[in-house]
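Peer 1: Input file: entry06.cif. Contents: mmCIF, C-alpha atoms and all ligand atoms.
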```
data_run
loop_
_atom_site.label_atom_id
_atom_site.label_comp_id
_atom_site.auth_asym_id
_atom_site.auth_seq_id
_atom_site.Cartn_x
_atom_site.Cartn_y
_atom_site.Cartn_z
CA MET A 22 34.83 -14.59 -35.65
CA ASN A 23 37.12 -17.59 -35.21
CA HIS A 24 35.39 -20.95 -34.60
CA ALA A 25 38.37 -23.31 -34.96
CA HIS A 26 37.84 -25.12 -31.64
CA SER A 27 34.10 -25.50 -32.27
CA GLN A 28 34.81 -26.93 -35.71
CA ALA A 29 37.35 -29.42 -34.35
CA LEU A 30 34.93 -30.59 -31.65
CA PHE A 31 32.09 -30.89 -34.15
CA ALA A 32 34.24 -33.09 -36.40
CA ARG A 33 34.96 -35.42 -33.45
CA ALA A 34 31.34 -35.31 -32.27
CA GLN A 35 29.97 -36.36 -35.65
CA ALA A 36 31.98 -39.57 -35.51
CA ARG A 37 30.46 -40.66 -32.19
CA ILE A 38 27.17 -38.82 -31.67
CA PRO A 39 24.41 -38.92 -34.33
CA GLY A 40 24.68 -35.63 -36.21
CA GLY A 41 27.22 -34.49 -33.62
CA VAL A 42 24.55 -33.32 -31.16
CA ASN A 43 22.36 -34.74 -28.43
CA SER A 44 19.19 -32.96 -29.58
CA PRO A 45 18.55 -32.22 -33.27
CA VAL A 46 17.88 -28.47 -33.40
CA ARG A 47 21.29 -27.71 -31.87
CA ALA A 48 22.95 -28.85 -35.13
CA PHE A 49 22.17 -25.64 -37.12
CA ARG A 50 20.42 -27.64 -39.87
CA GLY A 51 17.73 -24.94 -39.99
CA VAL A 52 20.24 -22.15 -40.70
CA GLY A 53 23.21 -23.90 -42.31
CA GLY A 54 26.78 -23.99 -41.05
CA ASP A 55 28.27 -25.74 -38.03
CA PRO A 56 27.09 -25.47 -34.44
CA VAL A 57 29.03 -23.49 -31.86
CA PHE A 58 30.31 -25.37 -28.80
CA PHE A 59 30.12 -23.52 -25.50
CA ARG A 60 32.29 -23.60 -22.42
CA GLU A 61 30.59 -21.16 -20.08
CA GLY A 62 27.45 -19.20 -19.37
CA SER A 63 27.13 -16.29 -16.95
CA GLY A 64 24.05 -14.10 -16.61
CA ALA A 65 22.85 -13.08 -20.08
CA TRP A 66 26.12 -14.11 -21.76
CA LEU A 67 27.57 -17.27 -23.27
CA THR A 68 31.23 -17.88 -24.07
CA ASP A 69 32.14 -20.42 -26.76
CA VAL A 70 35.19 -22.70 -26.80
CA ASP A 71 37.07 -20.17 -28.98
CA GLY A 72 36.48 -17.38 -26.47
CA ASN A 73 33.77 -15.55 -28.47
CA ARG A 74 31.01 -13.98 -26.37
CA TYR A 75 27.30 -13.77 -27.17
CA VAL A 76 24.16 -12.40 -25.58
CA ASP A 77 22.09 -15.57 -25.22
CA LEU A 78 18.52 -15.46 -26.52
CA VAL A 79 18.08 -19.24 -26.33
CA GLY A 80 18.40 -19.68 -22.58
CA SER A 81 18.74 -23.45 -22.97
CA TRP A 82 15.43 -23.35 -24.92
CA GLY A 83 13.48 -21.83 -22.06
CA PRO A 84 14.67 -22.97 -18.64
CA LEU A 85 17.13 -20.12 -17.94
CA ILE A 86 14.67 -17.33 -17.15
CA LEU A 87 17.13 -16.06 -14.52
CA GLY A 88 20.13 -16.31 -16.84
CA HIS A 89 23.17 -18.60 -16.60
CA ALA A 90 24.71 -19.65 -13.29
CA TYR A 91 22.25 -17.62 -11.21
CA PRO A 92 24.03 -17.62 -7.82
CA PRO A 93 21.15 -18.85 -5.58
CA ILE A 94 20.53 -21.78 -7.98
CA VAL A 95 24.24 -22.63 -8.08
CA GLU A 96 24.36 -22.58 -4.26
CA ALA A 97 21.24 -24.76 -4.01
CA ILE A 98 22.72 -27.33 -6.41
CA ILE A 99 26.04 -27.50 -4.53
CA ASP A 100 24.31 -27.73 -1.19
CA ALA A 101 21.97 -30.51 -2.37
CA ALA A 102 24.76 -32.47 -4.08
CA ARG A 103 26.74 -32.45 -0.82
CA ARG A 104 23.81 -34.25 0.80
CA GLY A 105 23.72 -36.94 -1.89
CA SER A 106 22.70 -36.75 -5.54
CA SER A 107 19.86 -39.27 -5.39
CA TYR A 108 18.05 -41.37 -2.79
CA GLY A 109 15.52 -43.34 -4.83
CA ALA A 110 13.21 -42.63 -1.89
CA PRO A 111 11.02 -39.73 -0.77
CA HIS A 112 12.50 -36.49 0.58
CA ALA A 113 11.19 -33.21 1.98
CA GLY A 114 12.07 -31.13 -1.09
CA GLU A 115 9.54 -33.00 -3.25
CA VAL A 116 6.72 -32.16 -0.86
CA GLU A 117 7.70 -28.50 -0.70
CA PHE A 118 7.95 -28.41 -4.49
CA ALA A 119 4.54 -30.05 -5.02
CA GLU A 120 2.96 -27.62 -2.54
CA LEU A 121 4.58 -24.68 -4.30
CA ILE A 122 3.30 -25.76 -7.74
CA CYS A 123 -0.22 -26.47 -6.49
CA GLY A 124 -0.25 -23.21 -4.54
CA THR A 125 0.67 -21.27 -7.70
CA MET A 126 -1.59 -23.04 -10.21
CA PRO A 127 -5.05 -23.59 -8.74
CA ALA A 128 -5.98 -26.09 -11.50
CA VAL A 129 -3.13 -28.30 -10.36
CA GLU A 130 -4.44 -30.07 -7.26
CA MET A 131 -1.92 -32.90 -7.31
CA VAL A 132 1.35 -33.23 -9.18
CA ARG A 133 3.86 -35.95 -10.10
CA LEU A 134 7.51 -35.10 -10.79
CA VAL A 135 9.42 -36.55 -13.74
CA SER A 136 12.72 -35.65 -15.41
CA SER A 137 11.74 -33.98 -18.71
CA GLY A 138 8.93 -32.37 -20.64
CA THR A 139 8.67 -35.41 -22.91
CA GLU A 140 8.13 -37.67 -19.92
CA ALA A 141 5.48 -35.28 -18.61
CA THR A 142 3.43 -35.17 -21.84
CA VAL A 143 3.68 -38.90 -22.49
CA ALA A 144 2.50 -39.60 -18.94
CA ALA A 145 -0.28 -37.00 -19.11
CA ILE A 146 -1.91 -38.57 -22.15
CA ARG A 147 -1.59 -42.04 -20.66
CA VAL A 148 -3.41 -40.77 -17.60
CA ALA A 149 -6.03 -39.05 -19.79
CA ARG A 150 -6.59 -42.29 -21.70
CA GLY A 151 -6.70 -44.34 -18.50
CA PHE A 152 -9.16 -41.95 -16.87
CA THR A 153 -11.56 -41.59 -19.81
CA GLY A 154 -11.22 -45.07 -21.27
CA ARG A 155 -10.85 -43.41 -24.71
CA GLU A 156 -7.90 -43.97 -27.05
CA HIS A 157 -7.69 -41.03 -29.46
CA ILE A 158 -6.01 -37.72 -28.70
CA LEU A 159 -6.21 -34.36 -30.47
CA LYS A 160 -3.16 -32.20 -31.05
CA PHE A 161 -2.63 -29.00 -33.02
CA GLU A 162 -0.49 -28.45 -36.13
CA GLY A 163 2.84 -26.87 -35.27
CA CYS A 164 2.54 -27.60 -31.54
CA PHE A 165 5.40 -29.66 -30.14
CA HIS A 166 5.02 -31.82 -27.06
CA GLY A 167 8.40 -33.54 -26.92
CA ALA A 168 9.68 -36.64 -28.65
CA GLY A 169 7.07 -39.17 -27.49
CA ASP A 170 5.62 -41.47 -30.18
CA PRO A 171 2.03 -40.17 -29.96
CA PHE A 172 3.17 -36.61 -30.74
CA LEU A 173 5.36 -37.26 -33.79
CA VAL A 174 2.33 -37.16 -36.02
CA LYS A 175 1.04 -34.94 -38.77
CA ALA A 176 -2.38 -34.89 -40.34
CA GLY A 177 -2.77 -36.30 -43.81
CA SER A 178 -4.79 -34.19 -46.18
CA GLY A 179 -7.48 -32.29 -44.34
CA VAL A 180 -8.11 -31.98 -40.65
CA GLU A 181 -10.49 -34.90 -40.43
CA THR A 182 -7.85 -37.27 -41.72
CA LEU A 183 -6.26 -39.60 -39.23
CA GLY A 184 -2.65 -38.94 -38.33
CA LEU A 185 0.34 -40.29 -40.21
CA PRO A 186 3.72 -40.83 -38.53
CA ASP A 187 6.19 -37.96 -38.93
CA SER A 188 9.15 -40.19 -38.13
CA PRO A 189 10.18 -43.73 -39.05
CA GLY A 190 9.86 -45.87 -35.96
CA VAL A 191 6.46 -44.52 -34.96
CA PRO A 192 3.93 -47.30 -35.69
CA ALA A 193 1.18 -46.24 -38.11
CA ALA A 194 -1.35 -47.94 -35.85
CA LEU A 195 -0.36 -45.62 -33.01
CA ALA A 196 -0.21 -42.49 -35.19
CA LYS A 197 -3.80 -43.15 -36.30
CA LEU A 198 -4.92 -42.44 -32.75
CA THR A 199 -3.54 -38.89 -32.93
CA LEU A 200 -5.91 -36.45 -34.64
CA THR A 201 -4.73 -32.98 -35.59
CA ALA A 202 -6.39 -29.62 -36.08
CA PRO A 203 -4.97 -26.24 -37.13
CA PHE A 204 -4.09 -23.87 -34.28
CA ASN A 205 -6.44 -20.89 -33.77
CA ASP A 206 -9.35 -22.60 -35.60
CA LEU A 207 -12.23 -23.51 -33.27
CA ALA A 208 -14.54 -24.59 -36.11
CA ALA A 209 -12.09 -27.37 -36.98
CA VAL A 210 -12.18 -28.62 -33.38
CA GLU A 211 -15.98 -28.50 -33.42
CA ARG A 212 -16.09 -30.64 -36.56
CA ILE A 213 -13.67 -33.21 -35.14
CA PHE A 214 -15.46 -33.40 -31.78
CA ALA A 215 -18.87 -33.72 -33.49
CA GLU A 216 -17.62 -36.70 -35.43
CA LYS A 217 -15.22 -38.42 -33.02
CA GLY A 218 -15.60 -36.66 -29.65
CA LYS A 219 -16.67 -39.84 -27.85
CA ASP A 220 -13.38 -41.53 -28.81
CA ILE A 221 -11.09 -38.65 -27.79
CA ALA A 222 -9.42 -38.82 -24.37
CA CYS A 223 -7.80 -35.40 -24.44
CA ALA A 224 -6.83 -32.36 -26.44
CA ILE A 225 -3.24 -31.30 -25.79
CA ILE A 226 -2.10 -27.82 -26.73
CA GLU A 227 0.66 -25.26 -26.26
CA PRO A 228 -1.45 -22.30 -25.06
CA VAL A 229 1.04 -19.90 -26.62
CA VAL A 230 2.92 -21.84 -29.26
CA GLY A 231 6.68 -21.59 -29.00
CA ASN A 232 7.66 -24.48 -31.21
CA MET A 233 6.44 -23.06 -34.53
CA GLY A 234 8.07 -19.80 -33.64
CA VAL A 235 5.73 -17.85 -31.38
CA LEU A 236 2.04 -18.13 -32.33
CA VAL A 237 -0.39 -16.05 -30.28
CA PRO A 238 -3.82 -17.51 -29.47
CA ARG A 239 -6.66 -15.40 -30.87
CA PRO A 240 -8.91 -13.77 -28.26
CA GLY A 241 -11.39 -16.41 -27.03
CA TYR A 242 -9.66 -19.32 -28.77
CA LEU A 243 -8.33 -21.09 -25.68
CA GLU A 244 -11.50 -20.38 -23.69
CA GLY A 245 -13.55 -21.76 -26.59
CA LEU A 246 -11.41 -24.87 -26.77
CA GLN A 247 -11.87 -25.40 -23.04
CA ALA A 248 -15.66 -25.10 -23.40
CA LEU A 249 -15.73 -27.55 -26.33
CA CYS A 250 -13.64 -30.03 -24.35
CA GLN A 251 -16.04 -29.81 -21.41
CA LYS A 252 -19.03 -30.30 -23.68
CA HIS A 253 -17.60 -33.51 -25.16
CA GLY A 254 -15.99 -34.97 -22.03
CA VAL A 255 -12.56 -34.48 -23.61
CA LEU A 256 -9.85 -33.63 -21.07
CA LEU A 257 -7.91 -30.44 -21.75
CA VAL A 258 -4.17 -30.92 -21.31
CA LEU A 259 -2.37 -27.58 -21.27
CA ASP A 260 1.25 -28.16 -22.21
CA GLU A 261 2.97 -25.47 -20.17
CA VAL A 262 6.45 -26.97 -20.50
CA MET A 263 7.54 -23.70 -22.13
CA THR A 264 5.02 -21.22 -20.72
CA GLY A 265 4.75 -22.38 -17.10
CA PHE A 266 6.33 -19.84 -14.71
CA ARG A 267 7.48 -17.90 -17.81
CA LEU A 268 4.48 -15.97 -19.14
CA ALA A 269 3.26 -15.39 -15.62
CA ARG A 270 3.99 -17.10 -12.33
CA GLY A 271 0.89 -19.25 -12.85
CA GLY A 272 1.74 -19.75 -16.52
CA ALA A 273 -0.56 -19.26 -19.51
CA GLN A 274 -3.47 -20.58 -17.46
CA GLU A 275 -3.15 -17.57 -15.19
CA LEU A 276 -2.66 -15.18 -18.11
CA TYR A 277 -5.76 -16.44 -20.00
CA GLY A 278 -7.89 -17.50 -17.03
CA LEU A 279 -8.02 -21.20 -17.94
CA LYS A 280 -8.72 -24.25 -15.79
CA PRO A 281 -7.22 -27.22 -17.64
CA ASP A 282 -7.85 -30.78 -16.45
CA LEU A 283 -4.16 -31.59 -16.69
CA THR A 284 -1.03 -29.46 -17.01
CA THR A 285 2.46 -30.45 -18.08
CA MET A 286 5.58 -28.53 -17.05
CA ALA A 287 9.38 -28.65 -17.33
CA LYS A 288 12.02 -26.10 -18.42
CA VAL A 289 11.69 -23.12 -15.99
CA ILE A 290 10.53 -25.30 -13.08
CA GLY A 291 13.89 -27.11 -13.08
CA GLY A 292 16.05 -23.99 -13.02
CA GLY A 293 18.29 -25.56 -15.69
CA MET A 294 18.31 -29.09 -14.22
CA PRO A 295 16.36 -32.05 -15.67
CA LEU A 296 12.96 -31.75 -14.02
CA GLY A 297 9.43 -32.07 -15.35
CA ALA A 298 5.99 -32.41 -13.84
CA TYR A 299 2.41 -33.23 -14.71
CA GLY A 300 -0.59 -32.57 -12.58
CA GLY A 301 -4.18 -31.43 -12.43
CA ARG A 302 -7.55 -32.46 -11.05
CA ALA A 303 -7.18 -34.65 -7.96
CA ASP A 304 -9.77 -37.16 -9.20
CA ILE A 305 -7.69 -37.69 -12.33
CA MET A 306 -4.28 -37.71 -10.61
CA ARG A 307 -5.51 -40.30 -8.08
CA LYS A 308 -5.56 -42.74 -11.01
CA VAL A 309 -1.73 -42.59 -11.12
CA ALA A 310 0.18 -45.52 -9.55
CA PRO A 311 0.51 -46.35 -6.74
CA ALA A 312 -2.67 -44.42 -5.79
CA GLY A 313 -4.40 -45.87 -8.85
CA PRO A 314 -3.96 -48.24 -11.79
CA VAL A 315 -2.26 -46.02 -14.44
CA TYR A 316 1.41 -46.91 -14.34
CA GLN A 317 4.17 -44.30 -14.47
CA SER A 318 7.55 -44.25 -12.73
CA GLY A 319 11.13 -42.91 -12.89
CA THR A 320 14.36 -43.87 -11.13
CA LEU A 321 15.52 -40.25 -10.89
CA SER A 322 12.04 -38.67 -10.59
CA GLY A 323 11.99 -35.95 -7.94
CA ASN A 324 15.79 -35.96 -7.93
CA PRO A 325 16.93 -33.94 -4.89
CA VAL A 326 19.51 -31.86 -6.79
CA ALA A 327 17.04 -30.99 -9.56
CA VAL A 328 14.30 -30.21 -7.04
CA ALA A 329 16.68 -27.94 -5.07
CA ALA A 330 17.52 -26.04 -8.28
CA GLY A 331 13.84 -25.80 -9.16
CA LEU A 332 12.86 -24.53 -5.73
CA ALA A 333 15.59 -21.87 -5.80
CA CYS A 334 14.41 -20.78 -9.26
CA LEU A 335 10.71 -20.61 -8.41
CA LYS A 336 11.39 -18.78 -5.14
CA ALA A 337 13.49 -16.18 -6.96
CA LEU A 338 10.67 -15.68 -9.47
CA ALA A 339 8.27 -14.90 -6.61
CA ALA A 340 10.03 -11.56 -5.98
CA PRO A 341 7.70 -8.62 -6.66
CA GLY A 342 8.04 -7.00 -10.07
CA THR A 343 9.73 -10.00 -11.70
CA TYR A 344 7.32 -10.44 -14.57
CA SER A 345 6.81 -6.74 -15.22
CA ARG A 346 10.59 -6.33 -15.50
CA LEU A 347 10.74 -9.25 -17.93
CA GLU A 348 7.89 -7.72 -19.93
CA GLN A 349 9.67 -4.37 -20.10
CA VAL A 350 12.93 -5.80 -21.45
CA SER A 351 11.05 -8.06 -23.87
CA ARG A 352 8.99 -5.14 -25.20
CA MET A 353 12.14 -3.08 -25.78
CA LEU A 354 13.51 -5.95 -27.86
CA GLU A 355 10.27 -6.39 -29.81
CA GLU A 356 9.99 -2.68 -30.61
CA GLY A 357 13.68 -2.53 -31.46
CA PHE A 358 13.52 -5.48 -33.87
CA ILE A 359 10.50 -3.94 -35.62
CA ALA A 360 12.19 -0.52 -35.90
CA GLU A 361 15.51 -1.91 -37.18
CA ALA A 362 13.80 -4.14 -39.76
CA LYS A 363 11.73 -1.22 -40.97
CA ALA A 364 14.77 1.04 -41.22
CA ALA A 365 16.50 -1.57 -43.40
CA GLY A 366 13.38 -2.19 -45.50
CA VAL A 367 13.14 -5.86 -44.48
CA PRO A 368 9.55 -7.10 -44.13
CA VAL A 369 9.04 -8.95 -40.84
CA THR A 370 6.22 -9.98 -38.52
CA VAL A 371 7.20 -10.05 -34.87
CA ASN A 372 5.11 -12.25 -32.58
CA ARG A 373 5.61 -11.91 -28.84
CA VAL A 374 3.89 -12.91 -25.63
CA GLY A 375 5.88 -11.91 -22.54
CA SER A 376 9.45 -13.14 -22.82
CA MET A 377 8.80 -15.43 -25.83
CA LEU A 378 9.48 -13.75 -29.17
CA THR A 379 9.93 -14.62 -32.86
CA VAL A 380 10.91 -12.42 -35.80
CA PHE A 381 9.26 -14.07 -38.84
CA PHE A 382 10.68 -13.07 -42.22
CA THR A 383 7.31 -12.46 -43.83
CA ALA A 384 5.00 -9.48 -44.21
CA GLU A 385 1.96 -11.74 -43.57
CA PRO A 386 0.34 -12.10 -40.14
CA VAL A 387 1.47 -15.41 -38.59
CA PHE A 388 -1.14 -17.27 -36.53
CA ASP A 389 -0.95 -20.95 -37.50
CA TYR A 390 1.23 -23.56 -39.21
CA THR A 391 0.30 -22.49 -42.76
CA SER A 392 0.91 -18.78 -42.21
CA ALA A 393 4.19 -19.52 -40.37
CA LYS A 394 5.33 -21.34 -43.51
CA THR A 395 5.17 -18.07 -45.50
CA SER A 396 8.37 -17.06 -43.73
CA ASP A 397 11.56 -16.86 -45.82
CA THR A 398 13.75 -19.33 -43.93
CA GLY A 399 16.76 -18.66 -46.16
CA ARG A 400 16.60 -15.05 -45.12
CA PHE A 401 16.27 -16.07 -41.48
CA GLY A 402 19.40 -18.22 -41.88
CA ARG A 403 21.40 -15.24 -43.16
CA PHE A 404 20.03 -13.06 -40.37
CA PHE A 405 20.92 -15.72 -37.80
CA HIS A 406 24.55 -15.89 -38.98
CA ALA A 407 24.89 -12.11 -39.13
CA MET A 408 23.60 -11.92 -35.54
CA LEU A 409 25.97 -14.70 -34.46
CA ASP A 410 28.92 -12.82 -36.00
CA ALA A 411 27.83 -9.73 -34.07
CA GLY A 412 27.71 -11.63 -30.77
CA VAL A 413 24.05 -12.64 -30.39
CA TYR A 414 23.02 -16.28 -30.02
CA LEU A 415 19.51 -16.68 -31.45
CA PRO A 416 17.69 -20.01 -31.74
CA PRO A 417 19.18 -21.62 -34.87
CA SER A 418 15.78 -22.05 -36.53
CA GLN A 419 13.03 -19.74 -37.79
CA TYR A 420 10.53 -22.00 -36.06
CA GLU A 421 11.72 -21.60 -32.48
CA ALA A 422 11.01 -18.91 -29.92
CA ALA A 423 13.72 -16.60 -28.64
CA PHE A 424 13.68 -16.35 -24.84
CA VAL A 425 14.42 -13.21 -22.85
CA SER A 426 15.94 -13.64 -19.40
CA LEU A 427 15.90 -11.50 -16.29
CA ALA A 428 19.69 -11.26 -16.59
CA MET A 429 19.22 -8.97 -19.59
CA GLY A 430 19.45 -5.26 -18.90
CA GLU A 431 19.69 -2.15 -21.03
CA ALA A 432 23.29 -2.90 -22.04
CA GLU A 433 22.32 -6.31 -23.44
CA VAL A 434 19.27 -4.89 -25.22
CA ALA A 435 21.49 -2.24 -26.83
CA HIS A 436 23.99 -4.93 -27.85
CA VAL A 437 21.26 -7.08 -29.44
CA LEU A 438 19.65 -4.17 -31.28
CA GLY A 439 23.02 -2.89 -32.51
CA ALA A 440 23.65 -6.36 -33.93
CA ALA A 441 20.16 -6.43 -35.44
CA ARG A 442 20.78 -3.10 -37.20
CA LYS A 443 23.85 -4.56 -38.93
CA ALA A 444 22.16 -7.90 -39.63
CA PHE A 445 19.03 -6.38 -41.21
CA ALA A 446 21.19 -3.97 -43.24
CA SER A 447 23.23 -6.88 -44.61
CA LEU A 448 19.99 -8.57 -45.74
CA GLY A 449 18.88 -5.40 -47.47
CA GLN A 450 22.01 -5.69 -49.61
CA THR A 451 21.98 -9.43 -50.31
CA GLY A 452 18.23 -10.07 -50.52
C1 LIG B 1 10.42 -28.43 -24.77
C2 LIG B 1 9.01 -28.84 -24.82
C3 LIG B 1 8.62 -30.17 -24.57
C4 LIG B 1 9.63 -31.28 -24.36
O1 LIG B 1 10.37 -31.10 -23.21
P1 LIG B 1 11.77 -31.89 -23.04
O2 LIG B 1 12.21 -31.53 -21.67
O3 LIG B 1 12.65 -31.38 -24.14
O4 LIG B 1 11.48 -33.33 -23.19
C5 LIG B 1 7.28 -30.46 -24.53
N1 LIG B 1 6.35 -29.50 -24.73
C6 LIG B 1 6.69 -28.23 -24.99
C7 LIG B 1 5.61 -27.22 -25.18
C8 LIG B 1 8.03 -27.86 -25.07
O5 LIG B 1 8.35 -26.60 -25.35
#
```
Show me, as structure tokens, the structure contained in the file I just sent.

Peer 2:
Amino acid sequence: MNHAHSQALFARAQARIPGGVNSPVRAFRGVGGDPVFFREGSGAWLTDVDGNRYVDLVGSWGPLILGHAYPPIVEAIIDAARRGSSYGAPHAGEVEFAELICGTMPAVEMVRLVSSGTEATVAAIRVARGFTGREHILKFEGCFHGAGDPFLVKAGSGVETLGLPDSPGVPAALAKLTLTAPFNDLAAVERIFAEKGKDIACAIIEPVVGNMGVLVPRPGYLEGLQALCQKHGVLLVLDEVMTGFRLARGGAQELYGLKPDLTTMAKVIGGGMPLGAYGGRADIMRKVAPAGPVYQSGTLSGNPVAVAAGLACLKALAAPGTYSRLEQVSRMLEEGFIAEAKAAGVPVTVNRVGSMLTVFFTAEPVFDYTSAKTSDTGRFGRFFHAMLDAGVYLPPSQYEAAFVSLAMGEAEVAHVLGAARKAFASLGQTG
């Protein structure tokens, strides 16, 4: 496969954009080699600047559940843009959008629109802190909640240890307020709440983790976390930026029967445009300015073009059979990956919930940060490049979820699994 134009663009990009990309994981650091630059997406397919075509299993990292350039979304964007790209004032679309979200997720009684998932999570914990008057938060190892300071934190040694910054630029004093616990371990949460529960404003979690590769919550884990939160007056913030309107119309909270205090969303709800949201209990959301004292704002929040794209996306997803069709295609891929790996003698563990899927290169079960780290990332890198050469664009990191879209049909599944057969076979030979 020829990548001459991508390589030339990457050389120019590196001179003017840090690392040549506008978001780190795009740079292929997790798999080696240079990133591919794209010129077009249509349905399940991407075309790069050298004319190579790929079945896309990234879907812009989650938003593109309907595939690229889905006609009703394109029409909605054009139509909205013709009426002005931003007003900096209220408009009818925001009200319709808020009603649609609240009507779909019963735990979300009021909602505020923002422009990204990061904005949503940062705002949600500010609101949780403002509402409870507590300063600590609890997050879970391997869960990602965007690039906000409070989330770029890892535990020191042992779960009871206060957080240490993961990135220069995050003040140690702030990181100390972020406690961490392993995912899928309720006893750890119990210990932390017993000791520090009265200081903890909220626990924030990805209900199904996508950002450590896919981690599946053990039966009863999320329900148990919710009960522990209630017992200690800790607000439960369900970060559904990835899972909202993807795992089910009502997100993971519908799938697992949860009633979080606050929910964060982005990705699918924007239909590919920059749009995020946070919402939840009305008594909590009434603390948000100007209804209440907790400040949060955004010049482009509720942007009419983004809202139009989001509305078109969410309305399309309301069609009967949507999620069962997505499940069917996703299951074919899961079963196919398992069968092809087995045929080639490559040990893998495939984790999948709905249309989120990860092939881990380990024979061990993967259910938390530590077990995910048993994966052979070098092997994943070779697999990734073999898939790329065969026309499949996977997330360029072992620790990211692949996303299935409704644009994928049997032809695309066959294309992906044909590529996987070759890719696994090549690993069998090279180790
Ligand atoms: C992507 C993601 C975010 C961050 O969203 P951005 O729009 O990239 O800021 C937050 N939480 C989760 C669970 C995500 O997957």

Peer 1: Find the residues near A:Ser27: any atom within 10 Å, counting all atoms listed in the file, skip ones fewer than 3 places away on the same chain, and give them as a PDB file with C-alpha atoms, in the coordinates of the input.

Peer 2:
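Once everything was written out, this is selection03.pdb:
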```pdb
ATOM      1  CA  ASN A  23      37.120 -17.590 -35.210  1.00  0.00           C
ATOM      2  CA  HIS A  24      35.390 -20.950 -34.600  1.00  0.00           C
ATOM      3  CA  LEU A  30      34.930 -30.590 -31.650  1.00  0.00           C
ATOM      4  CA  PHE A  31      32.090 -30.890 -34.150  1.00  0.00           C
ATOM      5  CA  ALA A  32      34.240 -33.090 -36.400  1.00  0.00           C
ATOM      6  CA  ASP A  55      28.270 -25.740 -38.030  1.00  0.00           C
ATOM      7  CA  PRO A  56      27.090 -25.470 -34.440  1.00  0.00           C
ATOM      8  CA  VAL A  57      29.030 -23.490 -31.860  1.00  0.00           C
ATOM      9  CA  PHE A  58      30.310 -25.370 -28.800  1.00  0.00           C
ATOM     10  CA  PHE A  59      30.120 -23.520 -25.500  1.00  0.00           C
ATOM     11  CA  ASP A  69      32.140 -20.420 -26.760  1.00  0.00           C
ATOM     12  CA  VAL A  70      35.190 -22.700 -26.800  1.00  0.00           C
ATOM     13  CA  ASP A  71      37.070 -20.170 -28.980  1.00  0.00           C
TER      14      ASP A  71
END
```

Peer 1: Tell me, as a PyMOL selection string, which residues lie within 8 Å of A:Ala365, counting only C-alpha atoms; anything in the same chain fewer than 6 positions away does not count.

Peer 2: chain A and resi 442+445-446+449

Peer 1: What are the nearest atom pairs, with distances in Å to one decimal, for all residues of chain A that come at most 9 Å from ligand LIG 1 (chain B), using only C-alpha atoms and all ligand atoms, set out by chain and rising residue number as CSV?

Peer 2:
```
residue,atom,partner,partner_atom,distance
A:Ser44,CA,B:LIG1,O3,8.7
A:Trp82,CA,B:LIG1,C1,7.1
A:Gly83,CA,B:LIG1,O5,7.7
A:Ser136,CA,B:LIG1,O2,7.5
A:Ser137,CA,B:LIG1,O2,3.9
A:Gly138,CA,B:LIG1,O1,3.2
A:Thr139,CA,B:LIG1,O4,3.5
A:Glu140,CA,B:LIG1,O4,6.4
A:Ala141,CA,B:LIG1,O4,7.8
A:Thr142,CA,B:LIG1,C5,6.7
A:Cys164,CA,B:LIG1,C7,7.1
A:Phe165,CA,B:LIG1,N1,5.5
A:His166,CA,B:LIG1,N1,3.5
A:Gly167,CA,B:LIG1,C4,3.6
A:Ala168,CA,B:LIG1,O4,6.6
A:Gly169,CA,B:LIG1,O4,8.5
A:Ile226,CA,B:LIG1,C7,7.9
A:Glu227,CA,B:LIG1,C7,5.4
A:Pro228,CA,B:LIG1,C7,8.6
A:Val229,CA,B:LIG1,C7,8.7
A:Val230,CA,B:LIG1,C7,7.3
A:Gly231,CA,B:LIG1,O5,6.4
A:Asn232,CA,B:LIG1,O5,6.3
A:Leu259,CA,B:LIG1,C7,8.9
A:Asp260,CA,B:LIG1,C7,5.4
A:Glu261,CA,B:LIG1,C7,5.9
A:Val262,CA,B:LIG1,C6,4.7
A:Met263,CA,B:LIG1,O5,4.4
A:Thr264,CA,B:LIG1,C7,7.5
A:Thr285,CA,B:LIG1,N1,7.8
A:Met286,CA,B:LIG1,N1,7.8
A:Ala287,CA,B:LIG1,O2,5.9
A:Lys288,CA,B:LIG1,O2,6.3
A:Pro295,CA,B:LIG1,O2,7.3
A:Leu296,CA,B:LIG1,O2,7.7
A:Gly297,CA,B:LIG1,O2,6.9
```

Peer 1: Taking 3 positions as the minimum chain separation for residues in the same chain, which residues sit within 12 Å of stretch 317-324 of chain A when counting all atoms listed in the file? Answer as a VMD selection string.

Peer 2: chain A and resid 98 101 to 102 104 to 119 132 to 137 140 to 148 151 290 to 291 294 to 299 306 308 to 314 327 to 332

Peer 1: Using only C-alpha atoms, I'd like a table of the residues in stretch 244-363 of chain A that come within 12 Å of stretch 424-432 of chain A; for each, show the closest atom pair and its distance in Å rounded to one decimal, ordered by chain and ascending number, as CSV.

Peer 2:
```
residue,atom,partner,partner_atom,distance
A:Met263,CA,A:Phe424,CA,10.0
A:Thr264,CA,A:Phe424,CA,10.8
A:Arg267,CA,A:Phe424,CA,9.5
A:Leu268,CA,A:Phe424,CA,10.8
A:Lys288,CA,A:Phe424,CA,11.8
A:Val289,CA,A:Ser426,CA,10.9
A:Cys334,CA,A:Leu427,CA,11.7
A:Ala337,CA,A:Leu427,CA,10.7
A:Leu338,CA,A:Leu427,CA,9.6
A:Ala340,CA,A:Leu427,CA,11.9
A:Gly342,CA,A:Leu427,CA,11.0
A:Thr343,CA,A:Leu427,CA,7.8
A:Tyr344,CA,A:Leu427,CA,8.8
A:Ser345,CA,A:Leu427,CA,10.3
A:Arg346,CA,A:Leu427,CA,7.5
A:Leu347,CA,A:Leu427,CA,5.9
A:Glu348,CA,A:Val425,CA,9.0
A:Gln349,CA,A:Gly430,CA,9.9
A:Val350,CA,A:Gly430,CA,7.0
A:Ser351,CA,A:Val425,CA,6.2
A:Arg352,CA,A:Val425,CA,10.0
A:Met353,CA,A:Glu431,CA,9.0
A:Leu354,CA,A:Val425,CA,8.9
A:Glu355,CA,A:Val425,CA,10.6
```
